[in-house]
Structure formats: structure tokens, C-alpha cells
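Asks: Next comes run08.txt, compact mmCIF, C-alpha atoms:
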```
# COMPACT_ATOMS: atom_id res chain seq x y z
CA MET B 1 106.08 59.79 99.76
CA ILE B 2 103.55 57.73 97.86
CA SER B 3 101.50 55.48 100.13
CA LYS B 4 99.80 52.30 98.88
CA ASP B 5 100.48 48.53 98.79
CA SER B 6 102.18 48.19 95.41
CA TYR B 7 103.84 50.57 92.94
CA ARG B 8 104.74 50.27 89.28
CA ILE B 9 107.49 52.63 88.16
CA LEU B 10 108.67 53.18 84.58
CA VAL B 11 112.42 53.82 84.47
CA VAL B 12 114.06 55.17 81.31
CA SER B 13 117.31 56.89 80.42
CA ASP B 14 119.33 58.43 77.63
CA THR B 15 116.54 59.37 75.23
CA HIS B 16 118.74 62.15 73.75
CA GLY B 17 115.92 64.26 72.37
CA ASN B 18 113.95 61.37 70.87
CA SER B 19 110.65 62.22 72.53
CA SER B 20 108.64 60.03 70.15
CA LEU B 21 110.37 56.87 71.45
CA LEU B 22 109.83 58.05 75.02
CA ARG B 23 106.11 58.64 74.41
CA LYS B 24 105.78 55.22 72.69
CA CYS B 25 107.34 53.58 75.74
CA ILE B 26 104.99 55.49 78.04
CA ALA B 27 101.93 54.52 75.99
CA LEU B 28 103.01 50.88 75.93
CA GLU B 29 103.42 50.66 79.73
CA GLU B 30 100.57 52.83 81.04
CA PRO B 31 99.16 52.73 83.62
CA PHE B 32 102.01 53.18 86.11
CA ASP B 33 102.48 55.21 89.27
CA MET B 34 105.67 57.10 88.48
CA LEU B 35 108.12 57.80 85.66
CA ILE B 36 111.79 58.30 86.48
CA HIS B 37 114.16 59.43 83.72
CA CYS B 38 117.84 58.91 84.56
CA GLY B 39 119.15 61.76 82.45
CA ASP B 40 120.24 62.84 78.99
CA VAL B 41 116.70 63.83 78.10
CA GLU B 42 118.07 66.60 75.82
CA ASP B 43 114.62 68.16 75.65
CA ASP B 44 112.21 69.96 77.95
CA PHE B 45 111.12 67.02 80.10
CA GLU B 46 107.47 68.03 80.51
CA THR B 47 107.13 68.61 76.76
CA ALA B 48 108.91 65.33 76.01
CA ILE B 49 106.51 63.19 78.07
CA GLY B 50 103.34 65.08 77.21
CA PRO B 51 100.21 65.32 79.38
CA HIS B 52 100.24 62.91 82.32
CA ASP B 53 98.58 62.14 85.65
CA TYR B 54 101.46 60.35 87.37
CA GLU B 55 104.53 61.72 89.15
CA ALA B 56 107.34 62.25 86.66
CA VAL B 57 110.91 63.17 87.53
CA ALA B 58 114.11 63.45 85.54
CA VAL B 59 117.69 64.05 86.60
CA LYS B 60 120.35 65.98 84.74
CA GLY B 61 122.65 64.01 82.49
CA ASN B 62 125.97 65.13 81.06
CA CYS B 63 124.13 66.24 77.87
CA ASP B 64 121.38 68.21 79.68
CA GLN B 65 123.34 71.38 80.43
CA PHE B 66 120.69 73.61 78.82
CA PHE B 67 117.75 72.17 80.76
CA PRO B 68 116.81 72.91 84.39
CA LEU B 69 116.92 69.44 85.92
CA PRO B 70 118.19 68.39 89.37
CA ASP B 71 121.49 66.49 89.63
CA PHE B 72 119.70 63.67 91.47
CA CYS B 73 116.38 62.82 93.08
CA VAL B 74 115.41 60.77 96.09
CA ARG B 75 111.89 59.42 96.64
CA LYS B 76 110.41 57.35 99.42
CA VAL B 77 108.11 54.79 97.83
CA GLY B 78 106.37 52.50 100.28
CA PHE B 79 108.99 51.14 102.66
CA TYR B 80 111.87 51.81 100.25
CA THR B 81 114.04 54.76 99.27
CA ILE B 82 114.77 55.17 95.58
CA ALA B 83 117.62 57.44 94.47
CA ALA B 84 118.21 58.37 90.83
CA VAL B 85 121.29 59.92 89.25
CA HIS B 86 122.66 59.96 85.72
CA GLY B 87 125.89 58.26 86.79
CA HIS B 88 128.59 60.13 84.87
CA ARG B 89 129.95 61.71 88.07
CA GLN B 90 129.84 58.34 89.85
CA GLN B 91 131.88 56.65 87.07
CA ALA B 92 129.00 54.35 86.10
CA GLY B 93 130.17 51.66 83.74
CA TYR B 94 133.64 51.47 85.28
CA THR B 95 132.89 50.66 88.91
CA TYR B 96 130.00 50.42 91.36
CA ALA B 97 132.02 52.30 94.03
CA GLY B 98 130.69 55.77 93.13
CA LEU B 99 127.14 54.49 92.90
CA ALA B 100 127.53 52.65 96.21
CA HIS B 101 128.76 55.84 97.86
CA PHE B 102 125.77 57.71 96.36
CA ALA B 103 123.43 55.00 97.71
CA LEU B 104 124.85 55.18 101.22
CA GLU B 105 124.81 58.99 101.18
CA HIS B 106 121.08 58.97 100.43
CA TYR B 107 120.11 55.83 102.41
CA ALA B 108 118.90 54.28 99.15
CA ASP B 109 117.52 50.79 98.79
CA VAL B 110 117.38 51.21 95.00
CA VAL B 111 119.78 53.23 92.84
CA LEU B 112 118.64 54.14 89.33
CA TYR B 113 121.24 55.40 86.87
CA GLY B 114 121.98 55.71 83.17
CA HIS B 115 124.89 57.16 81.18
CA THR B 116 126.34 53.89 79.84
CA HIS B 117 123.49 53.17 77.37
CA VAL B 118 123.83 49.53 78.43
CA PRO B 119 121.19 47.93 80.68
CA ASP B 120 122.34 46.53 84.00
CA LEU B 121 120.45 45.02 86.94
CA PHE B 122 122.49 44.11 90.00
CA ARG B 123 121.60 43.48 93.65
CA ASP B 124 124.54 43.79 96.02
CA GLU B 125 124.25 40.72 98.26
CA GLU B 126 126.03 42.40 101.17
CA SER B 127 124.07 45.67 101.31
CA GLY B 128 120.88 44.48 99.59
CA ILE B 129 120.93 47.59 97.37
CA LEU B 130 119.42 47.10 93.92
CA TYR B 131 121.27 48.94 91.13
CA VAL B 132 119.27 49.51 87.95
CA ASN B 133 120.37 50.94 84.63
CA PRO B 134 117.52 50.79 82.09
CA GLY B 135 119.85 51.22 79.11
CA SER B 136 118.87 53.65 76.37
CA LEU B 137 115.70 54.06 74.33
CA ALA B 138 117.44 56.18 71.69
CA LYS B 139 121.09 55.10 71.41
CA PRO B 140 121.64 51.61 72.85
CA ARG B 141 125.25 50.37 73.03
CA GLN B 142 124.90 46.72 74.04
CA ALA B 143 125.66 44.04 71.46
CA ASP B 144 122.07 43.52 70.28
CA ARG B 145 121.34 47.31 70.19
CA SER B 146 117.88 46.78 71.69
CA ARG B 147 115.99 49.81 73.00
CA THR B 148 115.52 48.98 76.67
CA TYR B 149 113.77 50.30 79.76
CA VAL B 150 112.78 48.93 83.15
CA ILE B 151 109.60 48.39 85.11
CA LEU B 152 110.44 48.67 88.81
CA THR B 153 107.92 47.08 91.16
CA ILE B 154 107.79 48.10 94.79
CA SER B 155 105.50 46.20 97.16
CA GLU B 156 105.19 45.80 100.90
CA ASP B 157 105.74 42.03 100.93
CA ALA B 158 108.82 41.67 98.69
CA LEU B 159 112.15 43.24 97.85
CA PRO B 160 112.06 45.76 94.98
CA GLN B 161 112.06 43.97 91.63
CA ALA B 162 113.29 45.27 88.28
CA GLU B 163 112.17 43.84 84.96
CA LEU B 164 114.22 44.77 81.90
CA LYS B 165 112.00 45.29 78.87
CA ASN B 166 112.71 45.85 75.20
CA LEU B 167 110.86 48.38 73.07
CA GLY B 168 111.86 46.17 70.14
CA ASP B 169 110.00 46.38 66.86
CA ARG B 170 107.31 48.49 68.50
CA ALA B 171 109.61 51.53 68.17
```
For this file, produce the structure as C-alpha cells.

Replies:
Amino acid sequence: MISKDSYRILVVSDTHGNSSLLRKCIALEEPFDMLIHCGDVEDDFETAIGPHDYEAVAVKGNCDQFFPLPDFCVRKVGFYTIAAVHGHRQQAGYTYAGLAHFALEHYADVVLYGHTHVPDLFRDEESGILYVNPGSLAKPRQADRSRTYVILTISEDALPQAELKNLGDRA
């Protein structure tokens, strides 16, 4: 568990071996407290992100079979529990039911996922769970094909907030 008043977390997904885009995103957003990659790194994660002094975690995507990554991760950050998964086994993009089950199973306040290559930010009004898909830096699939990622802010005096950002022409 990290312990301080406010946290800034870079959330990315589906970089599919394009480490240069990942490193550009990192350089653009530093400093931050943690990096969470929601899978389909398709590279050695530590090599892909380069030298760093923040906590960095990645989960295994459906294209990461040759890399030793966990299927999911759960982190306590401040008062909140963040759970990350790629989403292919939870049928991300078709329904929230699998992701909701994953959230309840891990007592998550925030669920981070990828797989669809389409950004999505959704807070379930009934449970209060925030679902965050940062989209893809390498192979976006939404209509405008923008290379997206998320800055997740965790603080003691507010609900977790997710800001969708676009790497845009800086890529």
C-alpha cells in the first residue's frame, strides 16, 4: 500500500510492442506515483518502460503469452482498492458483468482494463465502482483513432477521478 494524501497514476493499455509510444507517454506525464499497464505489452515490460523510480505493474493480455506477467493485480492506494485486468476473459467490450464480478471478487473501488482498444470511463451509480479503459496507445479502434491513456487521481477527500488524455500529434 502506498500512503500519502494524493496519488497520480498513469494507466495505459494495448501498446503491442510499441515501446517508443509508451516511453513518450511516460515522459509527457512524469512525474507520477505509479504506472499500470492493462495488458498486451508484447514486450519485456521493464525494458519497454526503461529506467524508473515509480511502482510499475503490468497484467497479462491475450497477446502476452510469451511474457511472465500476472493475470491481474490488486493495489491498495490510499483509501481505495484498484484492480487491473486485461479484460478478454471478462468479455470487456460486450458487457460489464464480467468486470463487475471481477470487481466484487477483489473488493475493488476502481477496475482498470484494456483489450477493446477503445477508451471507456464509467462509474456504476449503484456500486460506486469506477471502470476505466484507457484505450490503446498503439492500435486505437475508436472512430477518431486517437492514441489515448488515462491519468487516475486518488485523493483522500474525493472519489477516484479518471482523466482521458490523447497522445495526439506528440506521438

Asks: Which residues come within 12 Å of Tyr96 of chain B, counting all atoms listed in the file, excluding same-chain residues fewer than 4 positions away, as a list in words?

Replies: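 Answer for this query is Gly87, His88, Arg89, Gln90, Gln91, Ala92, Ala100, His101, Phe102, Ala103, Val111, Tyr113, Asp120, Leu121, Phe122, Arg123, Asp124, Ile129, Leu130, Tyr131, Val132 and Asn133 of chain B.
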
Asks: Excluding Tyr80 of chain B and its own-chain neighbours fewer than 5 positions away, which residues fall within 8 Å of it when counting only C-alpha atoms? Please give them as a compact mmCIF listing (two decimals) with C-alpha atoms, in the coordinates of the input.

Replies:
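As written to disk, out07.txt reads:
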```txt
# COMPACT_ATOMS: atom_id res chain seq x y z
CA ALA B 108 118.90 54.28 99.15
CA ASP B 109 117.52 50.79 98.79
CA VAL B 110 117.38 51.21 95.00
CA ILE B 154 107.79 48.10 94.79
```

Asks: Listed atoms of segment 68-85 of chain B, axis-aligned box, 8 Å per side: centre and edge lengths to one decimal in Å, as AutoDock Vina command-line options?

Replies:
```
--center_x 113.9 --center_y 62.0 --center_z 93.5 --size_x 31.1 --size_y 37.8 --size_z 34.3
```

Asks: Do you have, as a Markdown table, the list of residues of segment 59-148 of chain B lying at most 7 Å from segment 155-169 of chain B, each with its nearest atom pair and that distance in Å to one decimal, counting all atoms listed in the file and ordered by chain then number?

Replies:
```
| residue | atom | partner | partner_atom | distance |
| --- | --- | --- | --- | --- |
| B:Gly78 | CA | B:Glu156 | CA | 6.8 |
| B:Phe79 | CA | B:Glu156 | CA | 6.8 |
| B:Pro134 | CA | B:Leu164 | CA | 6.9 |
| B:Ser146 | CA | B:Gly168 | CA | 6.2 |
| B:Arg147 | CA | B:Leu167 | CA | 5.3 |
| B:Thr148 | CA | B:Asn166 | CA | 4.5 |
```

Asks: Taking only C-alpha atoms into account, produce a table as a Markdown table in which each residue of segment 49-71 of chain B with an atom at most 6 Å from an atom of segment 35-43 of chain B appears once, together with its shortest atom pair and the distance in Å to one decimal, ordered by chain and rising number.

Replies:
```
| residue | atom | partner | partner_atom | distance |
| --- | --- | --- | --- | --- |
| B:Ala56 | CA | B:Leu35 | CA | 4.6 |
| B:Val57 | CA | B:Ile36 | CA | 5.1 |
| B:Ala58 | CA | B:His37 | CA | 4.4 |
| B:Val59 | CA | B:Gly39 | CA | 5.0 |
| B:Lys60 | CA | B:Gly39 | CA | 4.9 |
| B:Gly61 | CA | B:Gly39 | CA | 4.2 |
| B:Cys63 | CA | B:Asp40 | CA | 5.3 |
| B:Asp64 | CA | B:Glu42 | CA | 5.3 |
```

Asks: Kindly give the distance, in Å, that separates atom CA of Ser6 of chain B and atom CA of Val74 of chain B, rounded to a single decimal.

Replies: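 Computed distance, atom CA of Ser6 of chain B to atom CA of Val74 of chain B, equals 18.3 Å.
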
Asks: Got a sec: who's within 7 Å of segment 115-118 of chain B, counting only C-alpha atoms, leaving out chain neighbours fewer than 6 positions off, as a list in words?

Replies: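 Contacts, with the query itself left out: Asp14, His86, Gly87, His88, Ala92, Gly93, Gly135, Ser136, Lys139, Pro140, Arg141 and Gln142 of chain B.
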
Asks: Could you add the missing atoms to segment 41-76 of chain B, up to N, CA and C atoms, and return them as a PDB file, in the frame of the given file?

Replies:
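The result, written out as part.pdb:
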```
ATOM      1  N   VAL B  41     117.986  63.617  78.751  1.00  0.00           N
ATOM      2  CA  VAL B  41     116.700  63.830  78.100  1.00  0.00           C
ATOM      3  C   VAL B  41     116.927  64.639  76.823  1.00  0.00           C
ATOM      4  N   GLU B  42     117.761  65.669  76.912  1.00  0.00           N
ATOM      5  CA  GLU B  42     118.070  66.600  75.820  1.00  0.00           C
ATOM      6  C   GLU B  42     116.819  67.209  75.199  1.00  0.00           C
ATOM      7  N   ASP B  43     115.877  67.536  76.058  1.00  0.00           N
ATOM      8  CA  ASP B  43     114.620  68.160  75.650  1.00  0.00           C
ATOM      9  C   ASP B  43     113.984  68.700  76.929  1.00  0.00           C
ATOM     10  N   ASP B  44     112.985  69.560  76.784  1.00  0.00           N
ATOM     11  CA  ASP B  44     112.210  69.960  77.950  1.00  0.00           C
ATOM     12  C   ASP B  44     111.443  68.717  78.398  1.00  0.00           C
ATOM     13  N   PHE B  45     111.665  68.301  79.631  1.00  0.00           N
ATOM     14  CA  PHE B  45     111.120  67.020  80.100  1.00  0.00           C
ATOM     15  C   PHE B  45     109.598  66.982  80.034  1.00  0.00           C
ATOM     16  N   GLU B  46     108.934  68.020  80.513  1.00  0.00           N
ATOM     17  CA  GLU B  46     107.470  68.030  80.510  1.00  0.00           C
ATOM     18  C   GLU B  46     106.913  67.980  79.087  1.00  0.00           C
ATOM     19  N   THR B  47     107.553  68.657  78.163  1.00  0.00           N
ATOM     20  CA  THR B  47     107.130  68.610  76.760  1.00  0.00           C
ATOM     21  C   THR B  47     107.397  67.218  76.188  1.00  0.00           C
ATOM     22  N   ALA B  48     108.522  66.641  76.546  1.00  0.00           N
ATOM     23  CA  ALA B  48     108.910  65.330  76.010  1.00  0.00           C
ATOM     24  C   ALA B  48     107.916  64.237  76.402  1.00  0.00           C
ATOM     25  N   ILE B  49     107.417  64.269  77.638  1.00  0.00           N
ATOM     26  CA  ILE B  49     106.510  63.190  78.070  1.00  0.00           C
ATOM     27  C   ILE B  49     105.053  63.483  77.756  1.00  0.00           C
ATOM     28  N   GLY B  50     104.712  64.744  77.525  1.00  0.00           N
ATOM     29  CA  GLY B  50     103.340  65.080  77.210  1.00  0.00           C
ATOM     30  C   GLY B  50     102.448  65.098  78.438  1.00  0.00           C
ATOM     31  N   PRO B  51     101.143  65.271  78.250  1.00  0.00           N
ATOM     32  CA  PRO B  51     100.210  65.320  79.380  1.00  0.00           C
ATOM     33  C   PRO B  51     100.239  64.006  80.165  1.00  0.00           C
ATOM     34  N   HIS B  52     100.182  64.118  81.489  1.00  0.00           N
ATOM     35  CA  HIS B  52     100.240  62.910  82.320  1.00  0.00           C
ATOM     36  C   HIS B  52      99.584  63.154  83.672  1.00  0.00           C
ATOM     37  N   ASP B  53      99.204  62.051  84.325  1.00  0.00           N
ATOM     38  CA  ASP B  53      98.580  62.140  85.650  1.00  0.00           C
ATOM     39  C   ASP B  53      99.336  61.310  86.685  1.00  0.00           C
ATOM     40  N   TYR B  54     100.601  61.072  86.452  1.00  0.00           N
ATOM     41  CA  TYR B  54     101.460  60.350  87.370  1.00  0.00           C
ATOM     42  C   TYR B  54     102.633  61.267  87.737  1.00  0.00           C
ATOM     43  N   GLU B  55     103.345  60.933  88.825  1.00  0.00           N
ATOM     44  CA  GLU B  55     104.530  61.720  89.150  1.00  0.00           C
ATOM     45  C   GLU B  55     105.614  61.398  88.137  1.00  0.00           C
ATOM     46  N   ALA B  56     106.271  62.428  87.641  1.00  0.00           N
ATOM     47  CA  ALA B  56     107.340  62.250  86.660  1.00  0.00           C
ATOM     48  C   ALA B  56     108.530  63.100  87.077  1.00  0.00           C
ATOM     49  N   VAL B  57     109.689  62.456  87.168  1.00  0.00           N
ATOM     50  CA  VAL B  57     110.910  63.170  87.530  1.00  0.00           C
ATOM     51  C   VAL B  57     112.024  62.775  86.577  1.00  0.00           C
ATOM     52  N   ALA B  58     112.926  63.707  86.355  1.00  0.00           N
ATOM     53  CA  ALA B  58     114.110  63.450  85.540  1.00  0.00           C
ATOM     54  C   ALA B  58     115.297  64.083  86.240  1.00  0.00           C
ATOM     55  N   VAL B  59     116.458  63.482  86.062  1.00  0.00           N
ATOM     56  CA  VAL B  59     117.690  64.050  86.600  1.00  0.00           C
ATOM     57  C   VAL B  59     118.559  64.513  85.436  1.00  0.00           C
ATOM     58  N   LYS B  60     119.480  65.387  85.760  1.00  0.00           N
ATOM     59  CA  LYS B  60     120.350  65.980  84.740  1.00  0.00           C
ATOM     60  C   LYS B  60     121.453  65.014  84.341  1.00  0.00           C
ATOM     61  N   GLY B  61     121.561  64.800  83.033  1.00  0.00           N
ATOM     62  CA  GLY B  61     122.650  64.010  82.490  1.00  0.00           C
ATOM     63  C   GLY B  61     123.761  64.918  81.987  1.00  0.00           C
ATOM     64  N   ASN B  62     124.850  64.341  81.544  1.00  0.00           N
ATOM     65  CA  ASN B  62     125.970  65.130  81.060  1.00  0.00           C
ATOM     66  C   ASN B  62     125.638  65.889  79.765  1.00  0.00           C
ATOM     67  N   CYS B  63     124.548  65.536  79.089  1.00  0.00           N
ATOM     68  CA  CYS B  63     124.130  66.240  77.870  1.00  0.00           C
ATOM     69  C   CYS B  63     122.937  67.177  78.102  1.00  0.00           C
ATOM     70  N   ASP B  64     122.555  67.386  79.351  1.00  0.00           N
ATOM     71  CA  ASP B  64     121.380  68.210  79.680  1.00  0.00           C
ATOM     72  C   ASP B  64     121.744  69.584  80.214  1.00  0.00           C
ATOM     73  N   GLN B  65     122.888  70.124  79.849  1.00  0.00           N
ATOM     74  CA  GLN B  65     123.340  71.380  80.430  1.00  0.00           C
ATOM     75  C   GLN B  65     122.403  72.564  80.160  1.00  0.00           C
ATOM     76  N   PHE B  66     121.577  72.487  79.156  1.00  0.00           N
ATOM     77  CA  PHE B  66     120.690  73.610  78.820  1.00  0.00           C
ATOM     78  C   PHE B  66     119.284  73.457  79.409  1.00  0.00           C
ATOM     79  N   PHE B  67     119.071  72.422  80.208  1.00  0.00           N
ATOM     80  CA  PHE B  67     117.750  72.170  80.760  1.00  0.00           C
ATOM     81  C   PHE B  67     117.797  72.163  82.284  1.00  0.00           C
ATOM     82  N   PRO B  68     116.800  72.787  82.921  1.00  0.00           N
ATOM     83  CA  PRO B  68     116.810  72.910  84.390  1.00  0.00           C
ATOM     84  C   PRO B  68     116.327  71.635  85.091  1.00  0.00           C
ATOM     85  N   LEU B  69     117.233  70.699  85.254  1.00  0.00           N
ATOM     86  CA  LEU B  69     116.920  69.440  85.920  1.00  0.00           C
ATOM     87  C   LEU B  69     117.818  69.294  87.153  1.00  0.00           C
ATOM     88  N   PRO B  70     117.351  68.608  88.188  1.00  0.00           N
ATOM     89  CA  PRO B  70     118.190  68.390  89.370  1.00  0.00           C
ATOM     90  C   PRO B  70     119.293  67.374  89.069  1.00  0.00           C
ATOM     91  N   ASP B  71     120.386  67.440  89.811  1.00  0.00           N
ATOM     92  CA  ASP B  71     121.490  66.490  89.630  1.00  0.00           C
ATOM     93  C   ASP B  71     121.099  65.079  90.057  1.00  0.00           C
ATOM     94  N   PHE B  72     120.173  64.968  91.002  1.00  0.00           N
ATOM     95  CA  PHE B  72     119.700  63.670  91.470  1.00  0.00           C
ATOM     96  C   PHE B  72     118.331  63.853  92.083  1.00  0.00           C
ATOM     97  N   CYS B  73     117.639  62.762  92.339  1.00  0.00           N
ATOM     98  CA  CYS B  73     116.380  62.820  93.080  1.00  0.00           C
ATOM     99  C   CYS B  73     116.304  61.628  94.009  1.00  0.00           C
ATOM    100  N   VAL B  74     115.621  61.821  95.108  1.00  0.00           N
ATOM    101  CA  VAL B  74     115.410  60.770  96.090  1.00  0.00           C
ATOM    102  C   VAL B  74     113.923  60.751  96.414  1.00  0.00           C
ATOM    103  N   ARG B  75     113.312  59.563  96.344  1.00  0.00           N
ATOM    104  CA  ARG B  75     111.890  59.420  96.640  1.00  0.00           C
ATOM    105  C   ARG B  75     111.693  58.240  97.582  1.00  0.00           C
ATOM    106  N   LYS B  76     110.834  58.445  98.552  1.00  0.00           N
ATOM    107  CA  LYS B  76     110.410  57.350  99.420  1.00  0.00           C
ATOM    108  C   LYS B  76     109.171  56.755  98.772  1.00  0.00           C
TER     109      LYS B  76
END
```
